[in-house]
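What follows is protein.txt (compact mmCIF, C-alpha atoms).
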# COMPACT_ATOMS: atom_id res chain seq x y z
CA MET S 160 0.00 0.00 0.00
CA TYR S 161 2.78 2.45 0.91
CA ILE S 162 4.73 1.52 -2.20
CA LEU S 163 1.78 2.39 -4.39
CA ALA S 164 1.35 5.73 -2.61
CA VAL S 165 5.05 6.55 -3.01
CA VAL S 166 5.04 5.54 -6.69
CA LYS S 167 1.96 7.65 -7.39
CA PHE S 168 3.48 10.58 -5.49
CA LEU S 169 6.78 10.36 -7.36
CA ALA S 170 5.01 9.94 -10.70
CA ALA S 171 2.87 13.01 -10.07
CA LEU S 172 5.93 15.01 -9.14
CA THR S 173 7.85 14.04 -12.26
CA ILE S 174 5.03 15.53 -14.29
CA CYS S 175 5.04 18.71 -12.20
CA GLU S 176 8.27 20.04 -10.78
CA ALA S 177 11.04 19.50 -8.25
CA MET S 178 10.10 18.63 -4.71
CA THR S 179 10.61 20.88 -1.72
CA MET S 180 12.69 19.54 1.17
CA LYS S 181 9.45 19.20 3.15
CA GLN S 182 8.01 16.98 0.38
CA ILE S 183 11.24 14.97 0.21
CA LYS S 184 11.13 14.33 3.96
CA SER S 185 7.45 13.37 3.79
CA THR S 186 8.13 10.92 0.95
CA GLY S 187 11.12 9.61 2.91
CA LYS S 188 8.85 8.80 5.85
CA MET S 189 6.58 6.75 3.57
CA MET S 190 9.58 4.92 2.12
CA ARG S 191 10.89 4.20 5.60
CA LYS S 192 7.50 2.80 6.69
CA THR S 193 7.79 0.31 3.84
CA CYS S 194 11.49 -0.57 4.00
CA GLN S 195 12.06 -0.70 7.75
CA PRO S 196 9.70 -3.59 8.55
CA LYS S 197 10.66 -5.38 5.33
CA ASN S 198 14.27 -5.52 6.56
CA ASN S 199 13.52 -5.91 10.27
CA VAL S 200 15.85 -3.06 11.21
CA ALA S 201 15.53 -1.13 14.48
CA ASP S 202 15.14 2.65 14.58
CA ASP S 203 18.40 3.13 16.47
CA LYS S 204 20.34 1.48 13.63
CA ILE S 205 19.01 3.77 10.89
CA ASP S 206 18.00 7.01 12.64
CA ASP S 207 21.48 8.50 12.33
CA ILE S 208 22.28 7.56 8.71
CA GLY S 209 21.44 11.15 7.79
CA THR S 210 24.24 12.36 10.06
CA GLY S 211 26.81 9.92 8.74
CA VAL S 212 26.42 7.02 11.16
CA PHE S 213 26.49 3.91 8.98
CA ILE S 214 26.18 0.68 10.96
CA GLU S 215 27.66 -2.07 8.82
CA GLU S 216 25.07 -4.78 9.42
CA ARG S 217 23.09 -6.75 6.86
CA GLU S 218 19.68 -5.38 7.91
CA VAL S 219 20.92 -1.79 7.60
CA MET S 220 22.55 -2.45 4.23
CA CYS S 221 19.40 -4.02 2.84
CA TYR S 222 17.27 -1.18 4.26
CA VAL S 223 19.46 1.26 2.29
CA ALA S 224 19.02 -0.88 -0.84
CA CYS S 225 15.24 -0.92 -0.33
CA ILE S 226 15.15 2.89 -0.13
CA MET S 227 17.28 3.13 -3.26
CA LYS S 228 14.95 0.72 -5.09
CA MET S 229 11.94 2.82 -4.13
CA ALA S 230 13.78 5.92 -5.34
CA ASN S 231 14.29 4.22 -8.72
CA ALA S 232 18.09 4.23 -8.38
CA ILE S 233 18.24 0.43 -8.77
CA LYS S 234 17.29 -1.32 -12.01
CA ASN S 235 17.53 -5.10 -12.52
CA ASN S 236 19.06 -5.50 -9.06
CA LYS S 237 21.97 -3.16 -9.92
CA LEU S 238 22.63 0.45 -9.05
CA ASN S 239 21.80 2.59 -12.06
CA TYR S 240 23.81 5.79 -12.33
CA GLU S 241 21.72 7.27 -15.16
CA ALA S 242 18.46 6.65 -13.28
CA ALA S 243 19.87 8.22 -10.10
CA ILE S 244 20.99 11.34 -12.01
CA LYS S 245 17.60 11.55 -13.74
CA GLN S 246 15.77 11.33 -10.39
CA ALA S 247 18.02 14.05 -8.94
CA ASP S 248 17.30 16.27 -11.96
CA LEU S 249 13.56 15.72 -11.77
CA LEU S 250 12.92 15.76 -8.04
CA LEU S 251 15.52 17.70 -6.09
CA PRO S 252 15.27 21.38 -5.23
CA ASP S 253 17.66 23.60 -7.21
CA GLU S 254 19.84 24.38 -4.19
CA ILE S 255 20.93 20.76 -3.77
CA LYS S 256 20.48 19.38 -7.31
CA GLU S 257 23.98 20.00 -8.71
CA PRO S 258 25.92 19.10 -5.52
CA THR S 259 23.92 15.88 -5.27
CA LYS S 260 24.63 14.97 -8.88
CA GLU S 261 28.34 15.68 -8.27
CA ALA S 262 28.30 13.34 -5.25
CA ILE S 263 26.50 10.61 -7.22
CA THR S 264 29.05 10.98 -10.02
CA ALA S 265 32.00 10.89 -7.60
CA CYS S 266 30.67 7.66 -6.07
CA ARG S 267 29.64 6.03 -9.33
CA LYS S 268 32.33 3.31 -9.33
CA VAL S 269 32.02 2.31 -5.65
CA ALA S 270 29.34 -0.27 -6.45
CA ASP S 271 31.74 -2.10 -8.78
CA SER S 272 33.56 -3.50 -5.74
CA TYR S 273 30.45 -5.31 -4.44
CA LYS S 274 28.45 -8.14 -5.97
CA ASP S 275 25.67 -7.91 -3.40
CA ILE S 276 23.08 -5.14 -4.01
CA CYS S 277 22.68 -4.47 -0.27
CA GLU S 278 26.43 -3.95 0.21
CA ALA S 279 26.77 -1.91 -2.99
CA SER S 280 23.86 0.37 -2.03
CA PHE S 281 25.19 0.86 1.48
CA HIS S 282 28.72 1.76 0.40
CA VAL S 283 27.58 4.07 -2.42
CA THR S 284 25.27 5.87 0.02
CA LYS S 285 28.08 6.19 2.54
CA CYS S 286 30.33 7.58 -0.20
CA ILE S 287 27.70 10.16 -1.18
CA TYR S 288 27.43 11.26 2.44
CA ASN S 289 31.22 11.53 2.77
CA HIS S 290 31.47 13.46 -0.50
CA ASN S 291 29.07 16.18 0.65
CA PRO S 292 27.39 15.80 4.07
CA SER S 293 25.70 19.21 3.76
CA ILE S 294 23.30 18.03 1.01
CA PHE S 295 22.75 14.50 2.32
CA PHE S 296 19.29 13.30 3.32
CA PHE S 297 18.31 9.71 4.01
CA PRO S 298 15.01 8.51 5.50

Now that the file is in, can you turn its structure into structure tokens?
Amino acid sequence: MYILAVVKFLAALTICEAMTMKQIKSTGKMMRKTCQPKNNVADDKIDDIGTGVFIEEREVMCYVACIMKMANAIKNNKLNYEAAIKQADLLLPDEIKEPTKEAITACRKVADSYKDICEASFHVTKCIYNHNPSIFFFP
């Protein structure tokens, strides 16, 4: 049910315009409500991802992958650079659009070191945070 709501919300936004940070956070909450129980991960293990605390545990890694799938950054069980850049272009507010795309580009090759989508998603996300913590948001 949440997935359908998020998909409809994102589809409506792609037709309209970029999201505000308030809309991004609201969508993030919906994504979290879907991905957190799916991966059986406790709040205290994911609450601080947005501030750079990345707990290297399977549940956390797969939670990150779930969020990335819902954000359309994963296609055919692989991270998709072009899709991530397109989503950033379509959905992010102007003030963080370019720095976010720079961070995604800088971290593009990180996934190549991991065969597992959970590990790849986790380490790419961590790289993006480390590249530019000031523009980082993660639900």

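Closest approach to Phe295 of chain S among S:Met189, S:Ala265, S:Thr259, S:Lys234: S:Thr259, based on only C-alpha atoms.
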
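Between Cys221 of chain S and the candidates S:Ala279, S:Ala247, S:Ile183, S:Ala242, the tightest atom-to-atom separation, counting all atoms listed in the file, involves S:Ala279.
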
List the spatial neighbours of Val200 of chain S as a ChimeraX atom specification - criterion: any atom at most 9 Å away, all atoms listed in the file, same-chain residues fewer than 4 positions off excluded.
/S:194-196,204-205,218-219,222

Using all atoms listed in the file, determine which residues lie at most 12 Å from Glu254 of chain S, disregarding the query and same-chain residues fewer than 4 positions distant; provide the list as a VMD selection string.
chain S and resid 177 to 180 247 to 248 250 258 to 260 293 to 294

Just how far from atom CA of Tyr288 of chain S is atom CA of Ile208 of chain S, in Å to one decimal?
8.9 Å

Is it possible to get the axis-aligned box enclosing segment 201-207 of chain S (all listed atoms, 6 Å extra per side) as AutoDock Vina command-line options, with centre and edge lengths in Å rounded to one decimal?
--center_x 18.3 --center_y 3.7 --center_z 13.7 --size_x 18.3 --size_y 21.6 --size_z 17.6

When you look at Val283 of chain S with a cut-off of 7 Å (counting only C-alpha atoms), what residues show up, excluding the ones that are within fewer than 4 positions of it in the same chain? I need them as a PyMOL selection string.
chain S and resi 266+269-270+279+287

Taking all atoms listed in the file into account, name the residue in S:Ala232, S:Ala201, S:Val212, S:Ala224 that is nearest to Phe281 of chain S.
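The answer is S:Ala224, which sits nearest to Phe281 of chain S.
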
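Atom pair atom CA of Arg217 of chain S / atom CA of Cys277 of chain S: separated by 7.5 Å.
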
Separation of atom CA of Met190 of chain S and atom CA of Ile226 of chain S, in Å?
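According to the coordinates, atom CA of Met190 of chain S and atom CA of Ile226 of chain S are separated by 6.3 Å.
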
Minimum-distance residue to Leu238 of chain S, chosen among S:Asn291, S:Ser280, S:Gln182, S:Thr193 (using all atoms listed in the file):
S:Ser280

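Counting all atoms listed in the file and comparing S:Glu278, S:Asp271, S:Glu216, S:Asp253, the residue that lies closest to Tyr240 of chain S is S:Asp271.
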
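Nearest-residue note for Ile255 of chain S: choosing from S:Arg191, S:Pro292, S:Cys286, S:Glu215, the minimum distance belongs to S:Pro292, counting only C-alpha atoms.
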